[in-house]
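**Q** data.csv is reproduced below (CSV, C-alpha atoms).
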```csv
chain,number,residue,atom,x,y,z
A,280,MET,CA,0.0,0.0,0.0
A,281,LEU,CA,1.5,3.3,-1.1
A,282,GLY,CA,0.5,6.5,0.7
A,283,VAL,CA,0.4,8.8,-2.3
A,284,THR,CA,-0.7,11.9,-0.4
A,285,ARG,CA,1.7,11.5,2.4
A,286,LEU,CA,4.8,11.0,0.2
A,287,LEU,CA,3.9,13.1,-2.8
A,288,CYS,CA,2.7,16.0,-0.8
A,289,GLY,CA,5.3,15.7,2.0
A,290,THR,CA,2.8,15.3,4.9
A,291,VAL,CA,4.9,12.5,6.4
A,292,THR,CA,8.7,12.4,6.9
A,293,PRO,CA,11.2,9.9,8.3
A,294,GLY,CA,11.2,11.7,11.6
A,295,ASP,CA,7.5,10.9,12.1
A,296,ALA,CA,8.2,7.2,12.1
A,297,LEU,CA,11.5,7.5,14.1
A,298,ARG,CA,9.6,9.2,16.9
A,299,PHE,CA,7.9,5.9,17.6
A,300,GLY,CA,11.1,3.8,17.2
A,301,ARG,CA,9.5,2.3,14.0
A,302,LEU,CA,7.9,-0.4,16.2
A,303,SER,CA,4.6,-1.7,14.9
A,304,GLY,CA,3.1,-1.9,18.4
A,305,GLU,CA,3.7,1.8,18.9
A,306,LEU,CA,3.1,3.4,15.4
A,307,PRO,CA,-0.2,5.0,14.5
A,308,PRO,CA,-2.0,3.4,11.6
A,309,HIS,CA,-0.8,5.8,8.9
A,310,LEU,CA,2.9,4.9,9.8
A,311,LEU,CA,2.6,1.1,10.1
A,312,HIS,CA,4.2,0.6,6.6
A,313,TYR,CA,7.5,2.0,7.9
A,314,SER,CA,7.9,-0.3,10.9
A,315,GLN,CA,11.1,-2.2,11.3
A,316,ASP,CA,9.7,-5.2,13.1
A,317,LYS,CA,7.2,-6.0,10.3
A,318,LYS,CA,4.4,-7.6,12.3
A,319,PRO,CA,1.7,-8.8,9.8
A,320,VAL,CA,-1.5,-7.0,9.0
A,321,ILE,CA,-4.0,-9.7,8.6
A,322,ALA,CA,-6.5,-9.7,5.8
A,323,TRP,CA,-9.0,-12.2,7.0
A,324,ASN,CA,-11.7,-13.5,4.7
A,325,VAL,CA,-14.2,-14.4,7.5
A,326,THR,CA,-16.8,-15.7,5.0
A,327,ARG,CA,-16.9,-16.5,1.3
A,328,ARG,CA,-20.6,-15.6,1.1
A,329,CYS,CA,-21.6,-12.4,-0.7
A,330,ASN,CA,-24.8,-10.7,-1.7
A,331,LEU,CA,-23.3,-9.3,-4.9
A,332,HIS,CA,-21.7,-10.9,-7.9
A,333,CYS,CA,-18.7,-8.7,-8.7
A,334,ALA,CA,-16.8,-9.2,-12.0
A,335,HIS,CA,-13.4,-8.9,-10.3
A,336,CYS,CA,-14.1,-10.9,-7.1
A,337,TYR,CA,-10.9,-12.7,-6.1
A,338,THR,CA,-12.8,-15.2,-3.9
A,339,ASP,CA,-15.3,-16.1,-6.7
A,340,SER,CA,-18.1,-15.6,-4.1
A,341,PHE,CA,-21.9,-16.2,-4.5
A,342,ASP,CA,-24.9,-15.6,-2.2
A,343,ARG,CA,-25.0,-19.0,-0.6
A,344,GLN,CA,-23.8,-20.7,2.6
A,345,TYR,CA,-20.3,-22.3,2.3
A,346,GLU,CA,-19.4,-25.3,4.5
A,347,GLY,CA,-16.4,-25.5,6.8
A,348,GLU,CA,-15.9,-21.9,7.7
A,349,LEU,CA,-14.4,-21.2,11.1
A,350,THR,CA,-16.8,-21.2,14.0
A,351,THR,CA,-17.1,-18.3,16.4
A,352,GLU,CA,-15.0,-20.0,19.1
A,353,GLU,CA,-12.3,-21.0,16.5
A,354,ALA,CA,-12.2,-17.4,15.2
A,355,LYS,CA,-11.9,-16.0,18.7
A,356,ALA,CA,-9.0,-18.3,19.4
A,357,VAL,CA,-7.3,-17.1,16.3
A,358,ILE,CA,-7.8,-13.5,17.4
A,359,ASP,CA,-6.2,-14.3,20.8
A,360,ASP,CA,-3.2,-15.8,19.1
A,361,LEU,CA,-2.9,-12.8,16.7
A,362,ALA,CA,-2.9,-10.4,19.6
A,363,ALA,CA,-0.2,-12.4,21.5
A,364,PHE,CA,1.8,-12.4,18.3
A,365,GLY,CA,1.6,-8.7,17.9
A,366,ALA,CA,-0.5,-8.4,14.7
A,367,PRO,CA,-1.5,-4.7,14.7
A,368,VAL,CA,-4.5,-4.8,12.4
A,369,ILE,CA,-7.2,-7.2,11.3
A,370,LEU,CA,-8.9,-6.4,8.0
A,371,PHE,CA,-12.2,-8.2,8.1
A,372,SER,CA,-13.1,-9.1,4.6
A,373,GLY,CA,-15.1,-11.7,2.6
A,374,GLY,CA,-17.1,-12.3,0.5
A,375,GLU,CA,-19.1,-9.8,2.4
A,376,PRO,CA,-18.1,-9.8,6.0
A,377,LEU,CA,-21.3,-8.1,7.2
A,378,LEU,CA,-23.1,-11.3,6.2
A,379,ARG,CA,-21.3,-13.2,9.0
A,380,PRO,CA,-23.7,-13.0,12.0
A,381,ASP,CA,-20.9,-13.1,14.6
A,382,LEU,CA,-18.8,-10.3,13.1
A,383,PRO,CA,-19.6,-7.9,16.0
A,384,GLU,CA,-18.3,-10.6,18.4
A,385,LEU,CA,-15.1,-10.9,16.5
A,386,VAL,CA,-14.6,-7.2,16.3
A,387,GLU,CA,-15.2,-6.9,20.0
A,388,ARG,CA,-12.7,-9.6,20.7
A,389,ALA,CA,-10.1,-8.0,18.5
A,390,GLN,CA,-10.7,-4.6,20.1
A,391,SER,CA,-10.5,-6.0,23.6
A,392,ARG,CA,-7.1,-7.6,22.7
A,393,GLY,CA,-5.6,-4.4,21.4
A,394,ILE,CA,-5.9,-5.2,17.6
A,395,ARG,CA,-7.3,-2.5,15.4
A,396,SER,CA,-10.3,-3.6,13.3
A,397,VAL,CA,-11.0,-2.6,9.8
A,398,ILE,CA,-13.9,-3.7,7.6
A,399,SER,CA,-13.8,-4.1,3.8
A,400,THR,CA,-17.4,-4.2,2.4
A,401,ASN,CA,-19.5,-3.6,-0.6
A,402,GLY,CA,-21.5,-1.1,1.5
A,403,THR,CA,-25.0,-2.3,0.6
A,404,LEU,CA,-25.6,-3.7,4.1
A,405,LEU,CA,-24.3,-0.6,5.9
A,406,ILE,CA,-27.7,0.6,7.2
A,407,HIS,CA,-27.6,3.2,9.9
A,408,ALA,CA,-28.0,0.7,12.8
A,409,VAL,CA,-25.0,-1.4,11.5
A,410,ALA,CA,-22.8,1.7,11.1
A,411,ARG,CA,-23.7,2.8,14.6
A,412,GLU,CA,-22.9,-0.7,16.0
A,413,LEU,CA,-19.5,-0.8,14.2
A,414,LYS,CA,-18.7,2.7,15.6
A,415,ASP,CA,-19.7,1.7,19.1
A,416,LEU,CA,-17.5,-1.5,18.8
A,417,GLY,CA,-14.5,0.7,18.0
A,418,VAL,CA,-13.9,-0.2,14.3
A,419,SER,CA,-11.1,2.1,13.1
A,420,TYR,CA,-12.1,2.3,9.4
A,421,VAL,CA,-14.6,1.0,6.9
A,422,GLY,CA,-13.6,0.7,3.2
A,423,VAL,CA,-16.5,0.6,0.7
A,424,SER,CA,-15.9,-0.5,-2.9
A,425,ILE,CA,-17.0,1.8,-5.7
A,426,ASP,CA,-16.2,1.3,-9.4
A,427,GLY,CA,-17.6,4.5,-10.9
A,428,PRO,CA,-20.9,6.3,-11.3
A,429,GLN,CA,-24.2,4.4,-10.8
A,430,PRO,CA,-24.5,2.6,-14.2
A,431,VAL,CA,-20.9,1.4,-14.2
A,432,HIS,CA,-20.9,0.3,-10.6
A,433,ASP,CA,-24.2,-1.5,-10.8
A,434,ARG,CA,-23.1,-3.4,-14.0
A,435,PHE,CA,-19.8,-4.4,-12.5
A,436,ARG,CA,-21.3,-5.4,-9.2
A,437,GLY,CA,-24.1,-7.4,-10.8
A,438,MET,CA,-27.0,-5.7,-8.9
A,439,ALA,CA,-29.2,-2.8,-9.8
A,440,GLY,CA,-29.2,-0.3,-7.0
A,441,ALA,CA,-25.9,-1.4,-5.6
A,442,TYR,CA,-24.4,2.1,-6.1
A,443,HIS,CA,-27.1,4.0,-4.3
A,444,GLU,CA,-27.0,1.5,-1.4
A,445,ALA,CA,-23.2,1.8,-1.1
A,446,ILE,CA,-23.3,5.6,-1.2
A,447,GLN,CA,-26.0,5.6,1.5
A,448,GLY,CA,-23.8,3.2,3.5
A,449,ILE,CA,-21.0,5.7,3.3
A,450,ARG,CA,-23.3,8.5,4.4
A,451,ASN,CA,-24.5,6.3,7.3
A,452,CYS,CA,-20.9,5.9,8.5
A,453,GLN,CA,-20.3,9.6,8.3
A,454,ALA,CA,-23.4,10.3,10.2
A,455,VAL,CA,-22.2,8.3,13.2
A,456,GLY,CA,-18.6,9.5,13.0
A,457,LEU,CA,-17.2,6.2,11.7
A,458,ARG,CA,-14.2,6.8,9.4
A,459,VAL,CA,-14.9,5.6,5.9
A,460,GLY,CA,-13.3,5.6,2.5
A,461,LEU,CA,-13.6,4.3,-1.0
A,462,ARG,CA,-11.9,1.2,-2.5
A,463,VAL,CA,-11.5,1.3,-6.3
A,464,THR,CA,-10.2,-1.5,-8.4
A,465,LEU,CA,-8.5,-0.2,-11.6
A,466,THR,CA,-10.0,-1.9,-14.6
A,467,GLN,CA,-11.2,-0.7,-18.0
A,468,PHE,CA,-14.6,0.0,-16.3
A,469,SER,CA,-13.2,2.3,-13.6
A,470,TYR,CA,-10.4,3.8,-15.8
A,471,ALA,CA,-12.8,5.7,-18.0
A,472,ASN,CA,-14.5,7.1,-14.8
A,473,LEU,CA,-11.6,8.0,-12.6
A,474,ARG,CA,-12.4,11.7,-12.7
A,475,ASP,CA,-16.0,10.9,-11.7
A,476,ILE,CA,-14.7,8.8,-8.8
A,477,PHE,CA,-12.6,11.7,-7.5
A,478,ASP,CA,-15.6,14.0,-7.9
A,479,ILE,CA,-17.6,11.5,-5.7
A,480,VAL,CA,-14.8,11.7,-3.1
A,481,GLU,CA,-15.1,15.5,-3.1
A,482,VAL,CA,-18.9,15.9,-3.3
A,483,GLU,CA,-19.5,13.3,-0.6
A,484,ASP,CA,-16.6,14.6,1.5
A,485,ILE,CA,-15.0,11.2,1.8
A,486,PRO,CA,-11.6,11.4,3.5
A,487,ARG,CA,-9.9,8.4,2.0
A,488,VAL,CA,-9.7,6.6,-1.4
A,489,CYS,CA,-7.6,3.5,-2.2
A,490,PHE,CA,-6.9,2.5,-5.8
A,491,TYR,CA,-6.3,-1.2,-6.2
A,492,HIS,CA,-4.5,-2.5,-9.3
A,493,LEU,CA,-6.2,-5.6,-10.6
A,494,ALA,CA,-5.0,-8.9,-9.1
A,495,TYR,CA,-5.5,-11.9,-11.3
A,496,ALA,CA,-7.3,-14.1,-8.8
A,497,GLY,CA,-10.7,-15.6,-8.5
A,498,ARG,CA,-13.0,-14.0,-11.1
A,499,GLY,CA,-10.3,-11.4,-11.5
A,500,ASP,CA,-8.3,-14.1,-13.2
A,501,ARG,CA,-10.9,-14.3,-15.9
A,502,ILE,CA,-11.1,-10.6,-16.6
A,503,VAL,CA,-7.4,-10.1,-17.3
A,504,LYS,CA,-8.6,-8.7,-20.7
A,505,TYR,CA,-10.2,-5.8,-18.8
A,506,ASP,CA,-7.0,-4.9,-17.1
A,507,LEU,CA,-5.3,-1.7,-18.1
A,508,SER,CA,-2.5,-1.5,-20.7
A,509,HIS,CA,0.8,-0.2,-19.4
A,510,ALA,CA,0.1,3.2,-21.0
A,511,GLU,CA,-3.4,3.3,-19.4
A,512,THR,CA,-2.0,2.4,-16.0
A,513,ARG,CA,0.6,5.2,-16.2
A,514,ALA,CA,-2.1,7.6,-17.3
A,515,ALA,CA,-4.3,6.5,-14.4
A,516,VAL,CA,-1.5,6.9,-11.9
A,517,ASP,CA,-0.7,10.3,-13.4
A,518,LEU,CA,-4.3,11.3,-12.7
A,519,ILE,CA,-4.1,10.0,-9.2
A,520,PHE,CA,-1.0,12.0,-8.5
A,521,GLU,CA,-2.5,15.1,-10.2
A,522,ARG,CA,-5.7,15.0,-8.1
A,523,SER,CA,-3.8,14.3,-4.9
A,524,LEU,CA,-1.7,17.4,-5.4
A,525,ASP,CA,-4.7,19.3,-6.4
A,526,PHE,CA,-6.5,18.4,-3.1
A,527,ALA,CA,-3.4,19.4,-1.2
A,528,ARG,CA,-3.0,22.8,-3.0
A,529,ARG,CA,-6.7,23.6,-2.1
A,530,GLY,CA,-6.2,22.5,1.5
A,531,ASN,CA,-8.6,19.6,0.9
A,532,THR,CA,-7.2,16.9,3.3
A,533,LYS,CA,-7.9,13.7,1.4
A,534,ASP,CA,-5.8,10.5,1.9
A,535,VAL,CA,-5.1,8.9,-1.4
A,536,LEU,CA,-3.4,5.5,-1.7
A,537,THR,CA,-2.6,2.9,-4.3
A,538,VAL,CA,-2.4,-0.8,-3.7
A,539,ASP,CA,-1.0,-4.0,-5.3
A,540,ASN,CA,1.4,-2.6,-7.7
A,541,HIS,CA,4.6,-1.2,-6.2
A,542,THR,CA,5.7,0.1,-9.6
A,543,ASP,CA,3.8,3.1,-8.3
A,544,ALA,CA,6.4,3.5,-5.6
A,545,VAL,CA,9.2,3.7,-8.1
A,546,TYR,CA,7.2,6.1,-10.3
A,547,LEU,CA,6.4,8.3,-7.3
A,548,TYR,CA,10.1,8.5,-6.3
A,549,GLN,CA,11.0,9.4,-9.9
A,550,THR,CA,8.3,12.1,-9.9
A,551,ILE,CA,9.6,13.6,-6.6
A,552,ARG,CA,13.2,13.5,-7.9
A,553,GLN,CA,12.1,15.6,-10.9
A,554,ARG,CA,9.8,18.0,-9.2
A,555,GLU,CA,11.3,18.4,-5.7
A,556,PRO,CA,14.8,16.9,-5.7
A,557,GLN,CA,15.5,18.3,-2.3
A,558,ARG,CA,12.9,15.8,-0.9
A,559,ALA,CA,14.0,12.8,-2.9
A,560,ASP,CA,16.3,11.3,-0.3
A,561,GLU,CA,13.8,11.3,2.5
A,562,VAL,CA,11.1,9.8,0.2
A,563,LEU,CA,13.5,7.1,-0.9
A,564,GLN,CA,14.3,6.4,2.7
A,565,MET,CA,10.6,5.8,3.6
A,566,LEU,CA,10.0,3.7,0.5
A,567,ARG,CA,13.0,1.5,1.5
A,568,TRP,CA,11.6,1.2,5.0
A,569,GLN,CA,8.3,0.1,3.5
A,570,GLY,CA,10.2,-2.4,1.4
A,571,GLY,CA,7.8,-2.8,-1.5
A,572,ASN,CA,5.4,-5.7,-1.7
A,573,GLN,CA,5.0,-7.3,1.8
A,574,SER,CA,3.1,-10.4,1.0
A,575,GLY,CA,4.3,-13.1,3.4
A,576,ILE,CA,6.2,-10.5,5.4
A,577,ALA,CA,4.1,-7.7,6.8
A,578,VAL,CA,0.9,-8.9,5.1
A,579,GLY,CA,-0.8,-12.2,5.8
A,580,ASN,CA,-4.1,-13.8,4.9
A,581,ILE,CA,-6.5,-16.3,6.6
A,582,ASP,CA,-9.2,-17.7,4.4
A,583,PRO,CA,-12.7,-18.7,5.5
A,584,LEU,CA,-11.6,-22.3,6.1
A,585,GLY,CA,-8.6,-21.2,8.3
A,586,ASN,CA,-5.9,-21.7,5.7
A,587,VAL,CA,-3.0,-19.3,5.9
A,588,HIS,CA,-1.6,-17.6,2.8
A,589,ALA,CA,0.9,-14.9,2.0
A,590,ASP,CA,-1.9,-12.6,0.9
A,591,GLN,CA,-5.6,-12.8,-0.2
A,592,PHE,CA,-4.6,-13.5,-3.8
A,593,THR,CA,-2.1,-16.3,-3.4
A,594,GLY,CA,-4.5,-19.1,-2.6
A,595,SER,CA,-2.4,-21.6,-4.5
A,596,HIS,CA,0.1,-21.7,-1.7
A,597,THR,CA,-1.1,-22.6,1.8
A,598,PHE,CA,1.4,-22.6,4.8
A,599,GLY,CA,-0.9,-24.3,7.3
A,600,ASN,CA,-4.3,-24.1,8.9
A,601,VAL,CA,-5.2,-22.4,12.1
A,602,ARG,CA,-7.3,-25.3,13.2
A,603,GLU,CA,-4.1,-27.4,13.3
A,604,ARG,CA,-1.5,-24.9,14.4
A,605,PRO,CA,-1.7,-21.3,15.7
A,606,PHE,CA,-1.2,-18.6,13.1
A,607,SER,CA,1.8,-17.4,15.0
A,608,GLU,CA,3.5,-20.8,14.7
A,609,ILE,CA,2.7,-21.1,11.0
A,610,TRP,CA,4.0,-17.6,10.3
A,611,SER,CA,7.2,-18.1,12.2
A,612,ASP,CA,8.0,-21.5,10.5
A,613,GLU,CA,10.2,-20.8,7.6
A,614,SER,CA,10.6,-24.5,6.8
A,615,ASP,CA,8.0,-23.8,4.1
A,616,PRO,CA,10.1,-23.1,1.1
A,617,VAL,CA,7.6,-20.6,-0.5
A,618,LEU,CA,7.2,-18.6,2.7
A,619,ALA,CA,11.0,-18.4,3.2
A,620,ALA,CA,11.5,-17.4,-0.4
A,621,LEU,CA,8.9,-14.6,-0.2
A,622,ARG,CA,11.0,-13.1,2.6
A,623,ASP,CA,14.2,-13.2,0.5
A,624,ARG,CA,13.1,-12.7,-3.1
A,625,ARG,CA,16.3,-11.3,-4.6
A,626,GLY,CA,17.9,-13.9,-6.7
A,627,ARG,CA,14.6,-15.8,-7.1
A,628,VAL,CA,12.6,-13.4,-9.2
A,629,LYS,CA,13.2,-13.6,-12.9
A,630,GLY,CA,13.0,-11.4,-16.0
A,631,ARG,CA,12.8,-7.6,-15.6
A,632,CYS,CA,12.2,-7.9,-11.9
A,633,ALA,CA,15.6,-9.7,-11.5
A,634,ARG,CA,17.5,-6.8,-13.2
A,635,CYS,CA,15.5,-3.9,-11.8
A,636,ALA,CA,17.7,-1.2,-10.1
A,637,ASP,CA,14.7,-0.3,-7.8
A,638,PHE,CA,14.1,-3.8,-6.4
A,639,ASP,CA,14.6,-2.5,-2.9
A,640,ILE,CA,11.5,-0.3,-3.1
A,641,CYS,CA,9.3,-2.7,-5.1
A,642,ASN,CA,10.5,-6.2,-3.9
A,643,GLY,CA,9.4,-7.9,-7.0
A,644,ASN,CA,5.9,-6.6,-6.9
A,645,LEU,CA,2.8,-8.9,-6.7
A,646,ARG,CA,3.9,-12.5,-7.0
A,647,ALA,CA,0.3,-13.8,-7.3
A,648,ARG,CA,-0.2,-11.8,-10.5
A,649,ALA,CA,3.1,-13.2,-12.0
A,650,GLU,CA,2.0,-16.7,-11.2
A,651,SER,CA,-1.4,-16.3,-12.6
A,652,PHE,CA,-0.2,-14.8,-15.8
A,653,TYR,CA,2.9,-16.9,-16.5
A,654,GLY,CA,2.3,-20.0,-14.3
A,655,ASP,CA,5.5,-19.2,-12.4
A,656,LEU,CA,5.5,-17.5,-8.9
A,657,TRP,CA,8.9,-16.0,-9.6
A,658,ALA,CA,8.3,-14.6,-13.1
A,659,GLU,CA,8.4,-10.9,-13.7
A,660,ASP,CA,5.2,-9.0,-12.8
A,661,PRO,CA,3.3,-8.4,-16.0
A,662,ALA,CA,1.8,-5.2,-14.6
A,663,CYS,CA,5.0,-3.3,-14.3
A,664,TYR,CA,4.4,-0.3,-16.6
A,665,LEU,CA,7.8,1.5,-16.5
A,666,THR,CA,10.3,1.1,-19.3
A,667,ASP,CA,13.6,-0.7,-18.9
A,668,ALA,CA,15.4,2.6,-19.1
A,669,GLU,CA,13.3,4.1,-16.3
A,670,LEU,CA,14.0,1.0,-14.1
A,671,GLY,CA,17.8,1.1,-14.8
A,672,ILE,CA,17.6,-2.3,-16.5
A,673,VAL,CA,20.7,-3.1,-18.5
A,674,PRO,CA,19.9,-5.2,-21.6
A,675,ALA,CA,20.8,-8.9,-21.1
A,676,GLU,CA,23.2,-8.9,-24.0
A,677,ALA,CA,25.0,-5.8,-22.6
A,678,ALA,CA,25.2,-7.2,-19.1
A,679,ALA,CA,26.6,-10.5,-20.6
A,680,GLY,CA,29.2,-8.5,-22.5
```
Let me see the file written as structure tokens.
**A**
Amino acid sequence: MLGVTRLLCGTVTPGDALRFGRLSGELPPHLLHYSQDKKPVIAWNVTRRCNLHCAHCYTDSFDRQYEGELTTEEAKAVIDDLAAFGAPVILFSGGEPLLRPDLPELVERAQSRGIRSVISTNGTLLIHAVARELKDLGVSYVGVSIDGPQPVHDRFRGMAGAYHEAIQGIRNCQAVGLRVGLRVTLTQFSYANLRDIFDIVEVEDIPRVCFYHLAYAGRGDRIVKYDLSHAETRAAVDLIFERSLDFARRGNTKDVLTVDNHTDAVYLYQTIRQREPQRADEVLQMLRWQGGNQSGIAVGNIDPLGNVHADQFTGSHTFGNVRERPFSEIWSDESDPVLAALRDRRGRVKGRCARCADFDICNGNLRARAESFYGDLWAEDPACYLTDAELGIVPAEAAAG
């Protein structure tokens, strides 16, 4: 996750993280990426069930009951273990997490154990009473998925009226003082409507928006053809940078982030180096602290059945199951060759990723996307949109000579 506003606009500096010793247990949420002890943020798919049928769903969910999901008591035991292990945040996701009846109990357990709770939802079930309950339980943040204006969103989500229900859900959160933001997946559908999405952020006075690059998993794997070209991705990121700076110039405090393509980090650093060279070193320092993609390092996933993965997109590799061993034990056991390799990728990644001069601020990008596209976990990430020259990649023949 790249904090575009903070780094591009200079609202965060290395000194901010150093004041807390860069320890994940001490850092406020917006500085967690810069911790040195790298405790994992847990994306937990607490259920696969969902009331929508989104074209890009990475869990391939439907509105039906799925067998074998963790029970309430099993989930609470997982939370206790995560707390003892030092996990700072649980992102409750799905499917649609609000369809899980015991979600309030799980949030309450996490809060009582000192873990911040975040909800990722399609927003259609965020009626006022639910928003109030989440606020009272101490939920830190709710992310609501939006793909564009009403016709685009409803088509992509597979339900007429989904857009209006999601916007009302956002308003319900705002009405009770619950921090809320937009989650936008970059596809051909949302790309043509990015300016409209920023307008929604401003008109609805939404404080945060995260742009997710498409991960080729679940139904997302079947819509690779709707992903952006490299030129379109660059244009989208240019617009994201442009609107972030515009918000800052006008004193409009919006938090803009991008997720799942750390090429953005390299591009942001190059942008800073050109526009504000005096800030380049401090931005580079923070990007190095963040370390690029953190799947299997500072990001972990638990699926509805209790299987542990490097992230929510790498379901093809399971490190263990929380019914058999605690998450803390699974995560600390580097006898699994894939888990160990994810924590030391240099020398394993191939193609352009292997020769990139900016590996230390990208870390080989999203391995799940490379595996889905090439059938090889260590292949280059096909979504890297910068040229060889921009990445300092020496042609193979020149390197050999």
**Q** Mind giving me the straight-line distance from atom CA of Phe592 of chain A to atom CA of Phe490 of chain A in Å, one decimal?
**A**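 Those two atoms sit 16.3 Å apart.
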**Q** Separation of atom CA of Lys533 of chain A and atom CA of Val488 of chain A, in Å?
**A**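 If I compute the distance from atom CA of Lys533 of chain A to atom CA of Val488 of chain A, I get 7.8 Å.
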**Q** Could you check the closest approach to Tyr664 of chain A for each of A:Ala514, A:Met280, A:Leu413, A:Leu306 and tell me which residue wins, using all atoms listed in the file?
**A**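 Counting all atoms listed in the file, the residue closest to Tyr664 of chain A is A:Ala514.
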**Q** Which residues come within 10 Å of Cys641 of chain A, counting all atoms listed in the file, excluding same-chain residues fewer than 2 positions away, as a ChimeraX atom specification?
**A** /A:540-545,566-567,569-573,632,635-639,643-645
**Q** I need the chosen residues saved as a PDB file, in the frame of the given file, with C-alpha atoms.
**A**
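So out_12.pdb came out as:
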```pdb
ATOM      1  CA  ASN A 540       1.400  -2.600  -7.700  1.00  0.00           C
ATOM      2  CA  HIS A 541       4.600  -1.200  -6.200  1.00  0.00           C
ATOM      3  CA  THR A 542       5.700   0.100  -9.600  1.00  0.00           C
ATOM      4  CA  ASP A 543       3.800   3.100  -8.300  1.00  0.00           C
ATOM      5  CA  ALA A 544       6.400   3.500  -5.600  1.00  0.00           C
ATOM      6  CA  VAL A 545       9.200   3.700  -8.100  1.00  0.00           C
ATOM      7  CA  LEU A 566      10.000   3.700   0.500  1.00  0.00           C
ATOM      8  CA  ARG A 567      13.000   1.500   1.500  1.00  0.00           C
ATOM      9  CA  GLN A 569       8.300   0.100   3.500  1.00  0.00           C
ATOM     10  CA  GLY A 570      10.200  -2.400   1.400  1.00  0.00           C
ATOM     11  CA  GLY A 571       7.800  -2.800  -1.500  1.00  0.00           C
ATOM     12  CA  ASN A 572       5.400  -5.700  -1.700  1.00  0.00           C
ATOM     13  CA  GLN A 573       5.000  -7.300   1.800  1.00  0.00           C
ATOM     14  CA  CYS A 632      12.200  -7.900 -11.900  1.00  0.00           C
ATOM     15  CA  CYS A 635      15.500  -3.900 -11.800  1.00  0.00           C
ATOM     16  CA  ALA A 636      17.700  -1.200 -10.100  1.00  0.00           C
ATOM     17  CA  ASP A 637      14.700  -0.300  -7.800  1.00  0.00           C
ATOM     18  CA  PHE A 638      14.100  -3.800  -6.400  1.00  0.00           C
ATOM     19  CA  ASP A 639      14.600  -2.500  -2.900  1.00  0.00           C
ATOM     20  CA  GLY A 643       9.400  -7.900  -7.000  1.00  0.00           C
ATOM     21  CA  ASN A 644       5.900  -6.600  -6.900  1.00  0.00           C
ATOM     22  CA  LEU A 645       2.800  -8.900  -6.700  1.00  0.00           C
TER      23      LEU A 645
END
```
**Q** To one decimal place in Å, what is the distance between atom CA of Asn642 of chain A and atom CA of Leu297 of chain A?
**A** 22.6 Å
**Q** Neighbouring residues of Gly347 of chain A were defined as those with any atom within 10 Å, considering all atoms listed in the file; residues of the same chain fewer than 6 positions away were excluded. Please report them as a list in words.
**A** Thr326, Pro583, Leu584 and Gly585 of chain A
**Q** Any idea what's packed within 8 Å of Val459 of chain A, counting all atoms listed in the file, ignoring anything in its chain fewer than 2 positions away? Could you give it as an MDAnalysis selection string?
**A** chainID A and resid 420:423 449 452:453 457 461 485:487
**Q** With only C-alpha atoms as the counted atoms, please give the residues lying no more than 12 Å from Ala408 of chain A, apart from itself and same-chain residues fewer than 6 positions off, as a PDB file with C-alpha atoms, keeping the file's coordinate frame.
**A**
```
ATOM      1  CA  LYS A 414     -18.700   2.700  15.600  1.00  0.00           C
ATOM      2  CA  ASP A 415     -19.700   1.700  19.100  1.00  0.00           C
ATOM      3  CA  GLY A 448     -23.800   3.200   3.500  1.00  0.00           C
ATOM      4  CA  ASN A 451     -24.500   6.300   7.300  1.00  0.00           C
ATOM      5  CA  CYS A 452     -20.900   5.900   8.500  1.00  0.00           C
ATOM      6  CA  ALA A 454     -23.400  10.300  10.200  1.00  0.00           C
ATOM      7  CA  VAL A 455     -22.200   8.300  13.200  1.00  0.00           C
TER       8      VAL A 455
END
```
**Q** So which one's closest to Ile640 of chain A, A:Phe598, A:Trp657, A:Tyr505, A:Tyr313? Using all atoms listed in the file, please.
**A**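 Answer, going by the shortest atom-to-atom distance: A:Tyr313.
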**Q** Tell me which protein, DNA and RNA residues are within 12 Å of Arg388 of chain A, counting only C-alpha atoms, leaving out same-chain ones fewer than 6 positions away, and put them as number ranges by chain.
**A** A: 351-352, 354-362, 369, 381-382, 394-396, 416-418
**Q** Considering all atoms listed in the file, state which residue in the set A:Leu349, A:Val578, A:Leu507, A:Ile672 is at the smallest distance from Leu311 of chain A.
**A**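 That would be A:Val578, the residue with the smallest distance to Leu311 of chain A.
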**Q** Could you check which of A:Thr537, A:Thr550, A:Gln591, A:Ser399 is closest to Val562 of chain A, using all atoms listed in the file?
**A**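 Looking at the shortest contact to Val562 of chain A, the residue is A:Thr550.
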**Q** For Asn324 of chain A, which residue among A:Arg434, A:His443, A:Arg379, A:Arg285 is the nearest when counting all atoms listed in the file?
**A**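 With all atoms listed in the file as the atom set, the closest residue is A:Arg379.
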**Q** Select all residues near (2.5, -6.5, -15.5) (cut-off 12 Å, inclusive, file coordinates), counting all atoms listed in the file, and output them as number ranges by chain.
**A** A: 492-495, 503, 506-510, 512-513, 539-542, 630-632, 643-653, 658-666
**Q** Between A:Asp484, A:Phe477, A:Asn600, A:Ser574, which residue has the minimum interatomic distance to Lys318 of chain A, considering all atoms listed in the file?
**A**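 Among A:Asp484, A:Phe477, A:Asn600, A:Ser574, it is A:Ser574 that comes nearest to Lys318 of chain A.
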